[in-house]
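Coordinates from model_12.cif are shown below (mmCIF, C-alpha atoms).
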data_input
loop_
_atom_site.label_atom_id
_atom_site.label_comp_id
_atom_site.auth_asym_id
_atom_site.auth_seq_id
_atom_site.Cartn_x
_atom_site.Cartn_y
_atom_site.Cartn_z
CA MET A 1 42.82 171.17 170.07
CA LYS A 2 45.69 171.50 167.65
CA LYS A 3 46.65 167.94 168.37
CA PHE A 4 43.06 166.80 167.70
CA TRP A 5 43.00 168.34 164.21
CA LEU A 6 46.37 166.82 163.37
CA ILE A 7 45.13 163.32 164.22
CA LEU A 8 41.88 163.86 162.26
CA ASN A 9 43.75 165.06 159.15
CA SER A 10 46.01 161.97 159.29
CA ILE A 11 43.01 159.65 159.46
CA LEU A 12 41.32 161.37 156.51
CA PHE A 13 44.54 161.17 154.44
CA LEU A 14 44.82 157.46 155.05
CA LEU A 15 41.19 156.95 154.06
CA PHE A 16 41.84 158.89 150.81
CA VAL A 17 44.88 156.83 149.94
CA VAL A 18 43.05 153.53 150.56
CA SER A 19 40.01 154.68 148.52
CA ALA A 20 42.21 155.79 145.60
CA GLY A 21 43.97 152.41 145.55
CA VAL A 22 40.71 150.51 145.50
CA MET A 23 39.33 152.65 142.66
CA ALA A 24 42.56 152.26 140.66
CA TYR A 25 42.39 148.44 140.96
CA PHE A 26 38.88 148.19 139.57
CA ALA A 27 39.50 150.82 136.90
CA ARG A 28 42.48 149.01 135.27
CA PRO A 29 40.63 147.90 132.08
CA TYR A 30 39.64 151.51 131.45
CA LEU A 31 42.93 153.33 131.96
CA PHE A 32 43.72 155.71 129.13
CA ASP A 33 46.51 154.94 126.68
CA ALA A 34 48.72 157.93 125.96
CA SER A 35 48.51 157.36 122.20
CA SER A 36 44.77 156.82 121.98
CA THR A 37 41.73 159.00 122.17
CA GLY A 38 39.62 156.51 124.11
CA PRO A 39 39.84 153.73 126.69
CA VAL A 40 42.13 150.74 125.94
CA GLU A 41 40.07 147.54 125.91
CA LYS A 42 41.50 144.19 127.04
CA ALA A 43 43.39 142.58 124.08
CA GLU A 44 41.93 139.28 122.73
CA ALA A 45 44.11 136.22 121.78
CA ALA A 46 45.12 136.19 118.07
CA ALA A 47 43.01 133.81 115.92
CA PRO A 48 44.97 130.86 114.46
CA ALA A 49 45.86 131.05 110.74
CA GLU A 50 43.63 129.04 108.33
CA THR A 51 45.01 125.65 107.16
CA VAL A 52 45.22 125.29 103.37
CA GLU A 53 43.98 121.96 101.96
CA LEU A 54 45.95 120.70 98.91
CA PRO A 55 44.30 117.36 97.97
CA ASN A 56 46.33 116.49 94.83
CA SER A 57 49.72 117.85 95.79
CA ILE A 58 51.39 114.46 96.37
CA GLN A 59 52.06 112.16 93.43
CA PHE A 60 53.81 108.77 93.53
CA ASN A 61 56.87 107.29 91.86
CA LEU A 62 56.32 103.55 91.35
CA LYS A 63 59.02 101.03 90.45
CA GLY A 64 58.36 97.30 90.58
CA ASN A 65 59.41 93.85 89.42
CA SER A 66 56.45 93.21 87.09
CA ILE A 67 56.73 93.37 83.32
CA TYR A 68 54.93 96.73 83.18
CA GLN A 69 53.15 99.07 85.56
CA GLU A 70 50.24 100.44 83.54
CA GLU A 71 46.52 100.66 84.38
CA ALA A 72 46.84 97.15 85.76
CA ILE A 73 49.79 95.03 86.80
CA LEU A 74 49.96 91.48 85.47
CA VAL A 75 51.31 89.55 88.45
CA GLU A 76 53.47 86.65 87.36
CA ALA A 77 52.78 83.26 88.90
CA GLU A 78 54.57 82.35 92.12
CA ASN A 79 56.17 85.79 92.31
CA PRO A 80 54.97 88.46 94.75
CA PHE A 81 54.98 91.97 93.39
CA ARG A 82 57.89 93.82 95.00
CA PHE A 83 57.99 97.54 94.47
CA THR A 84 59.01 100.91 95.79
CA LEU A 85 56.49 103.71 96.12
CA ARG A 86 57.80 107.15 97.01
CA PRO A 87 55.89 110.41 97.39
CA VAL A 88 56.65 113.22 94.94
CA PHE A 89 55.47 116.69 95.92
CA ASP A 90 53.68 118.74 93.28
CA VAL A 91 52.27 121.86 94.94
CA PRO A 92 49.96 123.80 92.57
CA SER A 93 50.85 127.34 91.54
CA SER A 94 47.66 128.57 93.24
CA ALA A 95 49.03 127.60 96.68
CA PRO A 96 50.48 130.36 98.92
CA ASP A 97 54.06 131.30 98.06
CA ALA A 98 55.17 130.44 101.59
CA ILE A 99 53.94 126.84 101.16
CA ARG A 100 55.53 126.37 97.75
CA SER A 101 58.84 127.78 98.99
CA TYR A 102 58.73 125.55 102.08
CA VAL A 103 58.16 122.37 100.05
CA ALA A 104 60.84 123.31 97.53
CA THR A 105 63.54 123.88 100.14
CA TYR A 106 62.71 121.92 103.28
CA PRO A 107 64.62 118.59 103.51
CA ASN A 108 63.34 115.15 104.48
CA LEU A 109 59.68 115.76 103.65
CA GLU A 110 59.36 112.17 102.46
CA GLU A 111 60.29 110.88 105.91
CA ARG A 112 57.58 113.03 107.49
CA THR A 113 54.87 111.90 105.08
CA GLN A 114 52.31 109.50 106.53
CA ILE A 115 51.31 106.70 104.13
CA GLU A 116 48.34 104.41 104.72
CA TRP A 117 47.01 101.64 102.50
CA LYS A 118 44.11 99.26 102.11
CA THR A 119 43.39 96.28 99.87
CA GLU A 120 40.23 95.19 98.07
CA GLY A 121 39.81 91.74 96.58
CA GLY A 122 42.28 90.03 98.89
CA GLY A 123 46.01 89.73 99.08
CA THR A 124 48.44 90.94 101.72
CA ILE A 125 51.03 93.69 101.79
CA GLN A 126 54.15 94.06 103.86
CA SER A 127 56.59 96.96 104.11
CA PRO A 128 60.09 96.79 105.62
CA GLY A 129 60.23 100.58 105.39
CA GLU A 130 62.04 103.13 103.25
CA GLY A 131 59.28 103.07 100.65
CA ARG A 132 59.61 99.34 99.93
CA TYR A 133 56.59 97.05 99.71
CA GLU A 134 55.72 93.47 98.82
CA PHE A 135 52.26 92.46 97.64
CA THR A 136 51.30 88.79 97.84
CA PRO A 137 48.27 87.96 95.64
CA PRO A 138 45.17 86.34 97.12
CA PRO A 139 45.45 82.52 97.15
CA LYS A 140 42.61 82.10 94.65
CA GLY A 141 43.82 84.87 92.34
CA GLY A 142 41.54 87.27 90.50
CA ASP A 143 41.56 91.06 90.62
CA ALA A 144 42.85 93.01 93.59
CA VAL A 145 43.09 96.75 94.20
CA LEU A 146 45.65 98.34 96.50
CA THR A 147 45.04 101.98 97.45
CA PHE A 148 47.68 104.21 99.02
CA ARG A 149 46.93 107.53 100.70
CA ALA A 150 49.69 110.00 101.62
CA THR A 151 49.33 112.96 104.02
CA LEU A 152 51.84 115.63 105.04
CA GLN A 153 51.08 118.47 107.48
CA ILE A 154 53.39 121.49 107.43
CA THR A 155 53.58 124.95 109.04
CA THR A 156 55.96 127.59 107.70
CA ASN A 157 57.99 129.97 109.89
CA LYS A 158 55.46 132.63 108.87
CA GLY A 159 52.66 130.68 110.50
CA VAL A 160 51.07 129.46 107.23
CA SER A 161 49.79 125.87 107.56
CA ALA A 162 48.85 123.34 104.89
CA VAL A 163 47.85 119.70 104.53
CA LEU A 164 49.25 118.02 101.40
CA GLN A 165 47.49 114.87 100.24
CA GLY A 166 47.63 112.36 97.41
CA GLN A 167 46.23 108.96 96.46
CA LYS A 168 47.51 106.10 94.27
CA GLU A 169 45.49 103.07 93.17
CA LEU A 170 47.25 99.91 91.99
CA ARG A 171 45.20 97.30 90.15
CA PHE A 172 46.45 93.74 90.02
CA VAL A 173 45.47 90.89 87.71
CA CYS A 174 46.52 87.89 89.78
CA PRO A 175 47.08 84.33 88.54
CA VAL A 176 44.50 81.64 89.27
CA ARG A 177 45.47 78.02 89.84
CA TRP A 178 43.87 75.48 87.52
CA ASP A 179 42.25 73.70 90.47
CA ASP A 180 40.50 76.95 91.46
CA ILE A 181 38.79 77.34 88.06
CA PRO A 182 35.13 76.21 88.25
CA PRO A 183 34.72 72.65 86.90
CA LYS A 184 32.18 73.77 84.29
CA VAL A 185 34.69 76.25 82.90
CA GLN A 186 37.43 73.59 82.92
CA ASP A 187 35.16 71.41 80.80
CA MET A 188 34.59 74.25 78.31
CA ILE A 189 38.32 74.96 78.12
CA GLY A 190 38.82 71.30 77.21
CA ARG A 191 41.44 68.64 77.70
CA TYR A 192 45.02 69.30 76.73
CA PRO A 193 46.48 66.77 74.29
CA VAL A 194 48.82 64.09 75.55
CA ALA A 195 52.04 64.89 73.79
CA LYS A 196 55.75 64.57 74.10
CA GLU A 197 56.65 67.43 76.44
CA TYR A 198 59.59 69.16 74.88
CA LYS A 199 61.33 70.89 77.81
CA ASN A 200 57.96 70.83 79.64
CA PHE A 201 56.47 73.32 77.19
CA TYR A 202 53.39 71.24 76.35
CA LYS A 203 52.11 70.73 79.85
CA ARG A 204 48.74 72.22 80.71
CA PRO A 205 49.42 75.73 82.11
CA PRO A 206 49.23 75.60 85.92
CA TYR A 207 48.17 79.27 86.20
CA TRP A 208 45.49 81.28 84.42
CA TYR A 209 44.14 84.83 84.37
CA GLN A 210 40.54 85.80 84.88
CA VAL A 211 39.07 88.15 82.27
CA THR A 212 35.87 89.97 83.17
CA ALA A 213 33.71 92.74 81.74
CA ASP A 214 35.33 95.03 84.32
CA ASN A 215 38.98 94.30 83.59
CA GLU A 216 39.06 93.44 79.88
CA ASN A 217 39.99 97.04 79.00
CA TRP A 218 42.70 97.38 81.64
CA LYS A 219 46.04 98.12 80.02
CA ILE A 220 48.62 95.59 81.19
CA SER A 221 51.40 97.11 79.07
CA PRO A 222 51.87 100.45 77.31
CA HIS A 223 50.00 99.32 74.18
CA PHE A 224 47.98 96.19 75.03
CA LYS A 225 44.89 95.41 77.12
CA LEU A 226 44.11 92.20 78.97
CA GLY A 227 41.13 91.65 76.66
CA ASP A 228 43.41 91.61 73.60
CA PHE A 229 44.31 88.04 74.53
CA ASP A 230 40.92 86.54 75.46
CA LEU A 231 38.49 84.39 73.47
CA HIS A 232 37.19 87.16 71.23
CA PHE A 233 36.74 85.03 68.12
CA ASP A 234 33.97 85.43 65.58
CA TYR A 235 32.95 81.82 65.20
CA THR A 236 29.73 79.88 65.57
CA THR A 237 29.40 76.66 67.54
CA ALA A 238 26.93 75.37 70.10
CA GLN A 239 29.29 76.52 72.86
CA SER A 240 30.16 79.92 71.37
CA PRO A 241 27.84 81.97 73.60
CA GLU A 242 29.29 80.38 76.73
CA LEU A 243 32.91 80.49 75.59
CA ASN A 244 32.79 84.15 74.64
CA GLN A 245 30.92 85.46 77.65
CA PHE A 246 32.58 86.68 80.84
CA THR A 247 34.02 85.49 83.14
CA GLN A 248 36.75 83.84 81.02
CA TYR A 249 39.96 82.17 82.10
CA ILE A 250 42.93 82.44 79.76
CA ALA A 251 46.50 81.23 79.72
CA LEU A 252 48.89 84.11 79.09
CA ASN A 253 52.67 83.96 79.10
CA PRO A 254 53.96 87.40 80.22
CA ASN A 255 56.87 87.00 77.80
CA LEU A 256 54.37 87.19 74.93
CA VAL A 257 53.30 90.64 76.09
CA ARG A 258 56.95 91.66 76.30
CA LYS A 259 57.59 90.42 72.78
CA LEU A 260 54.62 92.24 71.26
CA GLU A 261 55.80 95.48 72.88
CA GLU A 262 59.26 94.89 71.41
CA ILE A 263 57.74 94.30 67.97
CA LEU A 264 55.72 97.50 68.24
CA ASN A 265 58.83 99.45 69.24
CA GLY A 266 60.73 97.91 66.34
CA LEU A 267 58.03 98.95 63.88
CA GLN A 268 58.13 102.51 65.19
CA GLU A 269 61.91 102.59 64.81
CA LYS A 270 61.37 101.59 61.17
CA GLY A 271 59.06 104.56 60.70
CA ILE A 272 55.77 102.67 61.08
CA GLN A 273 53.93 104.88 63.56
CA VAL A 274 51.23 102.67 65.02
CA ASP A 275 49.64 102.74 68.49
CA THR A 276 48.93 99.03 68.80
CA LEU A 277 48.78 95.79 66.81
CA GLY A 278 45.57 94.25 65.54
CA ILE A 279 45.49 90.89 67.33
CA LEU A 280 43.47 88.26 65.50
CA ALA A 281 44.11 85.51 68.02
CA GLY A 282 45.75 85.30 71.41
CA PHE A 283 44.70 82.46 73.71
CA ARG A 284 42.76 79.58 72.16
CA SER A 285 41.35 76.90 74.41
CA PRO A 286 42.00 73.24 73.51
CA GLY A 287 38.26 72.75 73.08
CA TYR A 288 38.02 75.54 70.55
CA ASN A 289 41.30 74.57 68.89
CA HIS A 290 40.05 71.00 68.38
CA TRP A 291 36.75 72.19 66.94
CA LYS A 292 38.52 74.65 64.67
CA LYS A 293 40.97 72.03 63.41
CA GLU A 294 38.08 69.73 62.43
CA GLN A 295 36.39 72.43 60.34
CA GLY A 296 38.90 72.43 57.52
CA GLY A 297 38.58 75.17 54.95
CA VAL A 298 38.87 78.68 56.27
CA GLY A 299 38.02 77.49 59.76
CA GLY A 300 40.92 75.18 60.35
CA LYS A 301 43.25 74.69 57.43
CA TYR A 302 46.23 76.20 59.32
CA THR A 303 45.33 74.97 62.82
CA LYS A 304 47.73 72.55 64.49
CA GLY A 305 46.95 70.05 67.22
CA LEU A 306 49.74 71.38 69.46
CA SER A 307 49.10 75.03 68.80
CA THR A 308 51.14 77.35 71.02
CA HIS A 309 48.01 79.51 71.28
CA MET A 310 46.61 76.96 73.73
CA TYR A 311 49.42 77.76 76.14
CA GLY A 312 48.99 81.53 76.05
CA ALA A 313 52.29 81.77 74.25
CA ALA A 314 51.28 82.97 70.76
CA ALA A 315 49.54 85.80 68.95
CA ASP A 316 48.51 86.37 65.33
CA PHE A 317 48.55 90.05 64.43
CA TYR A 318 48.54 92.60 61.64
CA VAL A 319 49.42 96.30 61.32
CA ASP A 320 46.42 98.48 60.59
CA ARG A 321 46.97 102.25 60.77
CA ASP A 322 43.91 103.24 58.70
CA GLY A 323 41.44 101.04 60.58
CA ASP A 324 40.13 99.06 57.61
CA GLY A 325 40.82 95.69 59.23
CA ILE A 326 43.49 94.75 56.67
CA MET A 327 47.28 94.62 56.88
CA ASP A 328 48.83 97.88 55.65
CA ASP A 329 51.11 98.02 52.65
CA LEU A 330 54.40 98.05 54.54
CA ASN A 331 56.86 97.14 51.81
CA GLY A 332 55.59 99.86 49.46
CA ASP A 333 54.57 97.68 46.51
CA GLY A 334 51.02 99.06 46.47
CA VAL A 335 49.18 95.94 47.68
CA SER A 336 48.45 94.20 50.97
CA ASP A 337 49.63 90.61 50.84
CA GLN A 338 51.85 87.99 52.46
CA LYS A 339 54.94 90.02 51.52
CA ASP A 340 53.92 92.71 54.01
CA ALA A 341 53.76 90.12 56.78
CA ALA A 342 57.17 88.84 55.68
CA TRP A 343 58.50 92.41 55.86
CA ILE A 344 57.59 92.52 59.56
CA ARG A 345 59.40 89.22 60.12
CA ASP A 346 62.54 90.23 58.22
CA GLU A 347 62.80 93.82 59.48
CA VAL A 348 61.67 93.42 63.09
CA VAL A 349 60.89 89.95 64.44
CA ASP A 350 64.12 88.27 63.34
CA ALA A 351 66.24 90.84 65.16
CA ILE A 352 64.18 90.44 68.33
CA ASP A 353 64.49 86.65 68.28
CA CYS A 354 68.23 86.79 67.60
CA GLN A 355 68.78 89.10 70.54
CA ALA A 356 66.41 87.14 72.78
CA GLN A 357 68.34 83.92 72.20
CA GLU A 358 71.26 85.45 74.07
CA ALA A 359 69.62 88.01 76.38
CA ASN A 360 66.17 86.59 77.20
CA PRO A 361 65.52 83.06 75.87
CA GLY A 362 62.03 83.08 77.33
CA MET A 363 61.00 85.66 74.73
CA ALA A 364 62.38 83.82 71.69
CA GLY A 365 60.19 81.75 69.43
CA ALA A 366 58.85 80.88 66.02
CA CYS A 367 57.33 83.08 63.33
CA GLY A 368 54.82 82.22 60.61
CA ILE A 369 53.65 84.25 57.62
CA TYR A 370 50.08 84.03 56.35
CA GLY A 371 48.35 85.56 53.34
CA GLU A 372 44.98 85.28 55.09
CA HIS A 373 43.68 84.33 58.52
CA ASP A 374 41.65 81.30 59.50
CA VAL A 375 39.18 82.84 61.93
CA PRO A 376 35.73 81.63 60.78
CA ASP A 377 33.16 84.25 59.80
CA ARG A 378 35.65 87.06 60.28
CA SER A 379 35.63 89.53 57.41
CA PRO A 380 37.62 90.96 55.77
CA GLN A 381 40.47 88.55 55.29
CA THR A 382 43.94 89.93 55.97
CA PRO A 383 47.58 88.87 55.83
CA ASN A 384 49.01 88.40 59.30
CA VAL A 385 52.02 87.31 61.33
CA HIS A 386 52.21 84.54 63.93
CA VAL A 387 54.74 85.01 66.73
CA ASP A 388 55.24 82.94 69.86
CA VAL A 389 57.55 82.46 72.82
CA ARG A 390 58.10 78.70 72.66
CA LYS A 391 61.84 79.49 73.24
CA TYR A 392 63.14 76.07 72.19
CA ALA A 393 63.26 76.80 68.43
CA LEU A 394 63.14 79.77 66.07
CA THR A 395 61.25 77.93 63.34
CA ARG A 396 60.05 79.93 60.32
CA TRP A 397 57.20 78.99 57.98
CA TYR A 398 54.93 80.44 55.31
CA ILE A 399 51.97 79.49 53.11
CA ASN A 400 52.91 78.59 49.53
CA SER A 401 50.98 79.17 46.33
CA HIS A 402 49.17 75.84 46.81
CA ASP A 403 47.88 76.97 50.20
CA LYS A 404 50.21 74.58 52.02
CA MET A 405 52.18 75.41 55.16
CA ILE A 406 55.89 75.14 54.42
CA THR A 407 58.63 75.14 57.04
CA ASP A 408 61.45 77.33 55.78
CA TRP A 409 64.52 75.45 57.00
CA SER A 410 66.84 77.69 55.01
CA HIS A 411 65.61 80.96 56.49
CA TRP A 412 68.50 81.44 58.91
CA ASP A 413 71.00 80.49 56.19
CA LYS A 414 69.65 83.26 53.98
CA LYS A 415 69.45 85.78 56.80
CA PRO A 416 71.74 84.79 59.63
CA CYS A 417 72.20 86.61 62.90
CA PRO A 418 75.25 86.38 65.18
CA LYS A 419 75.55 83.16 67.21
CA ALA A 420 71.82 82.70 67.58
CA ALA A 421 71.30 81.82 63.91
CA VAL A 422 73.38 78.65 64.02
CA GLN A 423 71.86 77.68 67.35
CA ALA A 424 68.35 78.36 66.09
CA LYS A 425 68.80 76.22 63.01
CA GLU A 426 70.31 73.37 65.00
CA GLN A 427 67.50 73.50 67.56
CA ALA A 428 64.79 73.60 64.92
CA SER A 429 66.30 70.63 63.06
CA SER A 430 66.87 68.55 66.19
CA THR A 431 63.35 69.25 67.43
CA ALA A 432 61.82 68.01 64.19
CA ALA A 433 63.99 64.86 64.28
CA GLU A 434 63.19 64.12 67.93
CA ASP A 435 59.46 64.57 67.50
CA ASN A 436 59.28 62.16 64.53
CA GLY A 437 56.31 64.11 63.28
CA THR A 438 54.43 64.18 66.59
CA HIS A 439 55.09 67.88 66.92
CA ASP A 440 53.28 70.00 64.34
CA PRO A 441 55.58 72.71 63.01
CA GLY A 442 53.92 76.08 63.03
CA GLU A 443 51.05 77.65 64.94
#
Rewritten as structure tokens:
Amino acid sequence: MKKFWLILNSILFLLFVVSAGVMAYFARPYLFDASSTGPVEKAEAAAPAETVELPNSIQFNLKGNSIYQEEAILVEAENPFRFTLRPVFDVPSSAPDAIRSYVATYPNLEERTQIEWKTEGGGTIQSPGEGRYEFTPPPKGGDAVLTFRATLQITTNKGVSAVLQGQKELRFVCPVRWDDIPPKVQDMIGRYPVAKEYKNFYKRPPYWYQVTADNENWKISPHFKLGDFDLHFDYTTAQSPELNQFTQYIALNPNLVRKLEEILNGLQEKGIQVDTLGILAGFRSPGYNHWKKEQGGVGGKYTKGLSTHMYGAAADFYVDRDGDGIMDDLNGDGVSDQKDAAWIRDEVVDAIDCQAQEANPGMAGACGIYGEHDVPDRSPQTPNVHVDVRKYALTRWYINSHDKMITDWSHWDKKPCPKAAVQAKEQASSTAAEDNGTHDPGE
């Protein structure tokens, strides 16, 4: 009997142990924590930290081989636009401190930045890497837009994540070949005169720029717009409505834009604080130039048959700070007259041409002084200055008291500049002798 009870107790003990183990297994989620007052629930996975979007935190540093990189880039003929474009990080003060600290101290962020681009209007782009690019204009020219988008994803050691983004749009005004200009427009532009081609200057320009209602206000340099150089004349002919409407095609020598910027800088250095120059005339088509020359009187008394305006190489301008449409009194004598235009020549233009003769011949040229302009139906009249980039001579002229254009052959004797003065005088004299009167001095 004693043995029976011993066996029974052993069996019951084993059953108890097995039952306790089973209950403990299924009761694991509800075991009590020593530091709590209730059951410990199963811990959930931590939610990921929110990613901060910073859409304008990447800017761009652009350096290229064009004359200027403003609202639009004037692409020079037969030259692709080569440039570097590098991201610059500008995290706003409202961003988390961890993000701003990360960007300020973490190296090689530029290498981790993803840059994508797309083109509108044609053209191709290539990149050998390291932030270098080359844009080839569309074969038929016109406007093109190149858009870059930069993205950088970062996560700090504190688990804070952010996406930095930025966008850069480059507008291009691309040259158009003469053969790609519509025939009707070619006819309105007119035939270029057959003339002795002095150093090929008087050939019809092979490349042109398209001016439209959309791009006429694009700044192609710090102080000048593309539309400053188009056919914006106030004259009346049977063709005027067609000639002045868009789309226009103009010849424009990029060196002329360079020179006008230099003149503006020179005026500012002389204390003349002006934001731009009032341009009376930039490009003039041969058709308009011929019509204007035939008018005589105000319409054509100063117009020359081989005007450098026809080649996009000249501009007539005045300085107008008060906005009255008249040249300002720059020499301080109390009146606005031809002497104020001469002051610009003597104080600014001469120095630019002297320096250009040695440093950049393509920007050198002639200068004429006028007491009034010859744009028909344009009021009020104003003194103005003609400058150009003909580069083969630094001829100077003015209008005398009998309203005649006089070439001032003694100008560089009276006001010489180092080296260039002698060369300029010799070139101007030899040019006149070679042309035998076929080349009109001035304009």
Problem set entry | Nearby residues (all atoms listed in the file) at most 10 Å from region 275-280 of chain A, same-chain spacing under 2 positions excluded, as number ranges by chain | A: 222-225, 228-229, 232-234, 260-261, 263-265, 268, 272-273, 282, 315-321, 323, 325-327, 373-375, 378, 382, 384-386
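In this structure, CA of Ile369 (chain A) sits 19.0 Å away from CA of Met310 (chain A).
For the atom pair formed by CA of Ala77 (chain A) and CA of Phe135 (chain A), the distance is 12.7 Å, given to one decimal.
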Seminar exercise, completed: Between CA of Val387 (chain A) and CA of Thr303 (chain A) lies a distance of 14.3 Å
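Using all atoms listed in the file, the smallest distance between any of A:Gln357, A:Gln338, A:Ser285, A:Thr156 and Pro383 (chain A) comes from A:Gln338.
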Exercise. When the PyMOL selection byres ((chain A and resi 210) around 12) is applied to the file above, which residues end up in the set, as a PyMOL selection string?
Worked result: chain A and resi 74-75+140-144+172-178+180-182+185+207-209+211-216+226-227+229-231+246-252
For this session: Taking the file as shown, find all residues satisfying the PyMOL selection byres ((chain A and resi 147) around 6) and write them as a count of residues only.
Result: 6
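Between Gly159 (chain A) and the residues A:Gly266, A:Gly334, A:Pro138, A:Pro96, the shortest atom-to-atom distance, using only C-alpha atoms, involves A:Pro96.
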Problem set entry | Selection: 7 Å around Asn61 (chain A), all atoms listed in the file, excl. self and same-chain fewer than 6 positions, as a ChimeraX atom specification | /A:85-88
Exercise. Care to translate the PyMOL selection byres ((chain A and resi 388) around 6) into actual residues of this file, as an MDAnalysis selection string?
Worked result: chainID A and resid 313:314 365:366 387 389:390
